[in-house]
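Engineer: Take this structure, written in structure tokens, and hold onto it; I'll ask about it next.
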Amino acid sequence: MFQWLALLAWRSNHLLICVVSGGIMLHVARASVLVAICMTLVACSDGDGKSDPHPSPRIALKFGQTADTAGADGTGTAQITPEAVVYVDKAGADAPEHGLFAVVTFRAGNRAKESVTTTAAQGGFRWRTPGGKTIKAGNSEGAGSIAPIGFNDGGGEPAVRANTSQVNTVAFDITSVEKGGTLVYVDGDGVAFRWKVPSTNSGPTANALKSALN
């Protein structure tokens with residue numbers, strides 16, 4: 001917090017201006033008449049003299065909206081766009097431990113001349129359930145092995161080449177009541193981006209994704 005206290009007083013042909021900030025007082029003399037004006041300008045965030053070191057919470061984006069995110073270790077910028085979600089009770093030979101797989105495809109874009117690495121392989125994606133529980137991507141053996149053909153660009157590697165984009169998937173092993181949660185992506189600067197996920201199969205490639213998971 002910081003405060004400025006300005007006092008103006010006219011007395012016997014003298015204008016006394018006192019500006020107080022952090023114990024420092026300045027005086028200027030001039031003018032006439034006796035008047036006192038006190039103005040206090042206060043700028044603070046929480047009233048305890050400390051600023052919040054954490055980023056402000058972001059409003060959840062609509063599913064399908066693109067977010068500009070910092071690359072791994074804060075290097076470069078990646079455009080992250082969740083494109084489709086499907087809920088399945090089986091993916092190939094893998095069965096979920098909690099009843100359902102929530103599989104989300106996302107596009108990672110890179111408009112720069114150098115490659116950029118997302119935080120997808122570093123636990124960047126999470127699922128926030130309607131009840132407030134946080135689930136990391138690949139939270140079971142089955143969820144961690146899902147890599148449907150046609151949705152696994154670059155072999156699932158998080159590096160995105162210059163001036164390209166690639167589509168990959170993340171999967172979560174959830175219960176039926178945990179459908180329709182919030183997809184969270186934490187970028188290389190530690191900023192969390194959120195998308196509200198539909199509770200039913202959605203997205204332009206949802207049908208193709210579901211077929212690829214069979």
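Convention: chains lettered A, B, ... in structure tokens order; per-chain residue numbering from 1; ligands numbered from 1 as shown.
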Quick one: residues within 8 Å of range 111-126 of chain A, only C-alpha atoms counted, chain neighbours fewer than 3 positions away excluded, as number ranges by chain?
Structural biologist: A: 70-72, 75-78, 108, 134-137, 157-164, 170, 183-188
Engineer: Name the residues in contact with Val88 in chain A at a cut-off of 10 Å, using only C-alpha atoms, excluding same-chain residues fewer than 2 positions from it; report them as a PyMOL selection string.
Structural biologist: chain A and resi 85-86+90-91+95-96+99-103+173+201+210+213-214
Engineer: For the selection just defined, write its residues with all heavy atoms to a file, as a short mmCIF file (atom, residue, chain, number, x, y, z; two decimals), in the first residue's frame.
Structural biologist:
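Result went into part-v5.cif, see below:
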```
data_model
loop_
_atom_site.label_atom_id
_atom_site.label_comp_id
_atom_site.auth_asym_id
_atom_site.auth_seq_id
_atom_site.Cartn_x
_atom_site.Cartn_y
_atom_site.Cartn_z
N VAL A 85 -14.21 -33.25 -27.10
CA VAL A 85 -14.20 -34.10 -25.91
C VAL A 85 -15.16 -35.25 -26.14
O VAL A 85 -16.24 -35.07 -26.71
CB VAL A 85 -14.59 -33.32 -24.63
CG1 VAL A 85 -15.98 -32.72 -24.75
CG2 VAL A 85 -14.49 -34.22 -23.39
N VAL A 86 -14.74 -36.44 -25.72
CA VAL A 86 -15.64 -37.59 -25.75
C VAL A 86 -15.48 -38.34 -24.43
O VAL A 86 -14.42 -38.34 -23.81
CB VAL A 86 -15.36 -38.55 -26.94
CG1 VAL A 86 -15.57 -37.86 -28.27
CG2 VAL A 86 -13.96 -39.13 -26.85
N LYS A 90 -14.45 -47.37 -22.59
CA LYS A 90 -13.38 -48.25 -23.04
C LYS A 90 -12.61 -47.55 -24.14
O LYS A 90 -13.18 -46.82 -24.95
CB LYS A 90 -13.96 -49.57 -23.56
CG LYS A 90 -12.92 -50.63 -23.84
CD LYS A 90 -13.59 -51.93 -24.27
CE LYS A 90 -12.56 -53.02 -24.53
NZ LYS A 90 -13.18 -54.29 -24.97
N ALA A 91 -11.30 -47.76 -24.17
CA ALA A 91 -10.46 -47.22 -25.23
C ALA A 91 -9.53 -48.32 -25.69
O ALA A 91 -8.54 -48.63 -25.02
CB ALA A 91 -9.66 -46.02 -24.73
N ALA A 95 -9.62 -50.28 -20.05
CA ALA A 95 -10.86 -49.91 -19.36
C ALA A 95 -10.53 -48.94 -18.24
O ALA A 95 -9.49 -49.08 -17.57
CB ALA A 95 -11.54 -51.15 -18.80
N PRO A 96 -11.36 -47.95 -18.02
CA PRO A 96 -11.10 -46.98 -16.94
C PRO A 96 -11.28 -47.60 -15.55
O PRO A 96 -12.08 -48.51 -15.37
CB PRO A 96 -12.13 -45.89 -17.20
CG PRO A 96 -13.25 -46.58 -17.91
CD PRO A 96 -12.61 -47.64 -18.75
N GLY A 99 -14.69 -45.67 -14.20
CA GLY A 99 -15.94 -45.74 -14.95
C GLY A 99 -15.92 -45.11 -16.32
O GLY A 99 -16.57 -45.58 -17.24
N LEU A 100 -15.17 -44.01 -16.49
CA LEU A 100 -15.16 -43.30 -17.77
C LEU A 100 -13.77 -42.72 -18.07
O LEU A 100 -13.04 -42.33 -17.15
CB LEU A 100 -16.16 -42.15 -17.78
CG LEU A 100 -17.65 -42.43 -17.95
CD1 LEU A 100 -18.42 -41.13 -17.82
CD2 LEU A 100 -17.95 -43.10 -19.28
N PHE A 101 -13.48 -42.68 -19.35
CA PHE A 101 -12.36 -41.86 -19.82
C PHE A 101 -12.95 -40.57 -20.39
O PHE A 101 -13.87 -40.62 -21.22
CB PHE A 101 -11.56 -42.55 -20.92
CG PHE A 101 -10.73 -43.71 -20.47
CD1 PHE A 101 -10.81 -44.93 -21.14
CD2 PHE A 101 -9.85 -43.59 -19.41
CE1 PHE A 101 -10.04 -46.01 -20.75
CE2 PHE A 101 -9.08 -44.67 -19.00
CZ PHE A 101 -9.17 -45.88 -19.67
N ALA A 102 -12.45 -39.44 -19.96
CA ALA A 102 -12.76 -38.16 -20.62
C ALA A 102 -11.54 -37.85 -21.49
O ALA A 102 -10.44 -37.61 -20.98
CB ALA A 102 -12.98 -37.06 -19.60
N VAL A 103 -11.73 -37.90 -22.79
CA VAL A 103 -10.62 -37.71 -23.72
C VAL A 103 -10.80 -36.38 -24.44
O VAL A 103 -11.84 -36.14 -25.07
CB VAL A 103 -10.54 -38.86 -24.74
CG1 VAL A 103 -9.31 -38.69 -25.63
CG2 VAL A 103 -10.51 -40.21 -24.03
N ASP A 173 -9.21 -40.28 -16.18
CA ASP A 173 -10.03 -41.39 -15.70
C ASP A 173 -10.95 -40.83 -14.62
O ASP A 173 -10.49 -40.46 -13.53
CB ASP A 173 -9.10 -42.48 -15.12
CG ASP A 173 -9.79 -43.82 -14.96
OD1 ASP A 173 -11.01 -43.82 -14.66
OD2 ASP A 173 -9.12 -44.85 -15.09
N ASN A 201 -20.46 -35.58 -25.45
CA ASN A 201 -19.49 -35.57 -26.54
C ASN A 201 -19.69 -34.33 -27.39
O ASN A 201 -20.80 -34.06 -27.85
CB ASN A 201 -19.64 -36.82 -27.40
CG ASN A 201 -19.33 -38.10 -26.64
OD1 ASN A 201 -18.83 -38.06 -25.52
ND2 ASN A 201 -19.64 -39.24 -27.25
N LYS A 210 -14.13 -40.53 -31.31
CA LYS A 210 -14.76 -41.69 -30.68
C LYS A 210 -14.48 -42.96 -31.49
O LYS A 210 -14.17 -44.02 -30.93
CB LYS A 210 -16.27 -41.48 -30.56
CG LYS A 210 -16.97 -42.59 -29.79
CD LYS A 210 -18.44 -42.27 -29.56
CE LYS A 210 -19.10 -43.39 -28.76
NZ LYS A 210 -20.54 -43.10 -28.50
N LEU A 213 -11.03 -44.25 -30.89
CA LEU A 213 -10.81 -44.84 -29.57
C LEU A 213 -11.33 -46.27 -29.47
O LEU A 213 -11.02 -46.98 -28.52
CB LEU A 213 -11.48 -43.97 -28.50
CG LEU A 213 -10.84 -42.60 -28.27
CD1 LEU A 213 -11.77 -41.73 -27.41
CD2 LEU A 213 -9.48 -42.75 -27.62
N ASN A 214 -12.15 -46.70 -30.44
CA ASN A 214 -12.71 -48.06 -30.41
C ASN A 214 -11.67 -49.10 -30.77
O ASN A 214 -10.71 -48.83 -31.48
CB ASN A 214 -13.91 -48.17 -31.36
CG ASN A 214 -15.09 -47.35 -30.85
OD1 ASN A 214 -15.23 -47.15 -29.65
ND2 ASN A 214 -15.92 -46.88 -31.78
#
```
Engineer: Report as a PDB file with C-alpha atoms, in the first residue's frame all protein, DNA and RNA residues lying within 9 Å of Ser199 in chain A, evaluated on only C-alpha atoms, omitting residues in the same chain fewer than 5 positions from it.
Structural biologist:
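For reference, part15.pdb as written:
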```pdb
ATOM      1  CA  VAL A  85     -14.196 -34.099 -25.909  1.00  0.00           C
ATOM      2  CA  VAL A  86     -15.637 -37.594 -25.753  1.00  0.00           C
ATOM      3  CA  TYR A  87     -16.588 -39.788 -22.814  1.00  0.00           C
ATOM      4  CA  GLU A 178     -17.340 -35.812 -12.829  1.00  0.00           C
ATOM      5  CA  LYS A 179     -18.329 -35.205 -16.458  1.00  0.00           C
ATOM      6  CA  GLY A 180     -18.663 -31.583 -17.544  1.00  0.00           C
ATOM      7  CA  GLY A 181     -15.734 -30.360 -15.518  1.00  0.00           C
TER       8      GLY A 181
END
```
Engineer: In Å, rounded to a single decimal, give me how far CA of Arg194 in chain A is from CA of Asp153 in chain A.
Structural biologist: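 Taking CA of Asp153 in chain A and CA of Arg194 in chain A, their separation equals 23.0 Å.
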Engineer: So which residues of range 98-175 of chain A fall under alpha helix (DSSP H) by DSSP, listed as a VMD selection string?
Structural biologist: chain A and resid 141 to 144
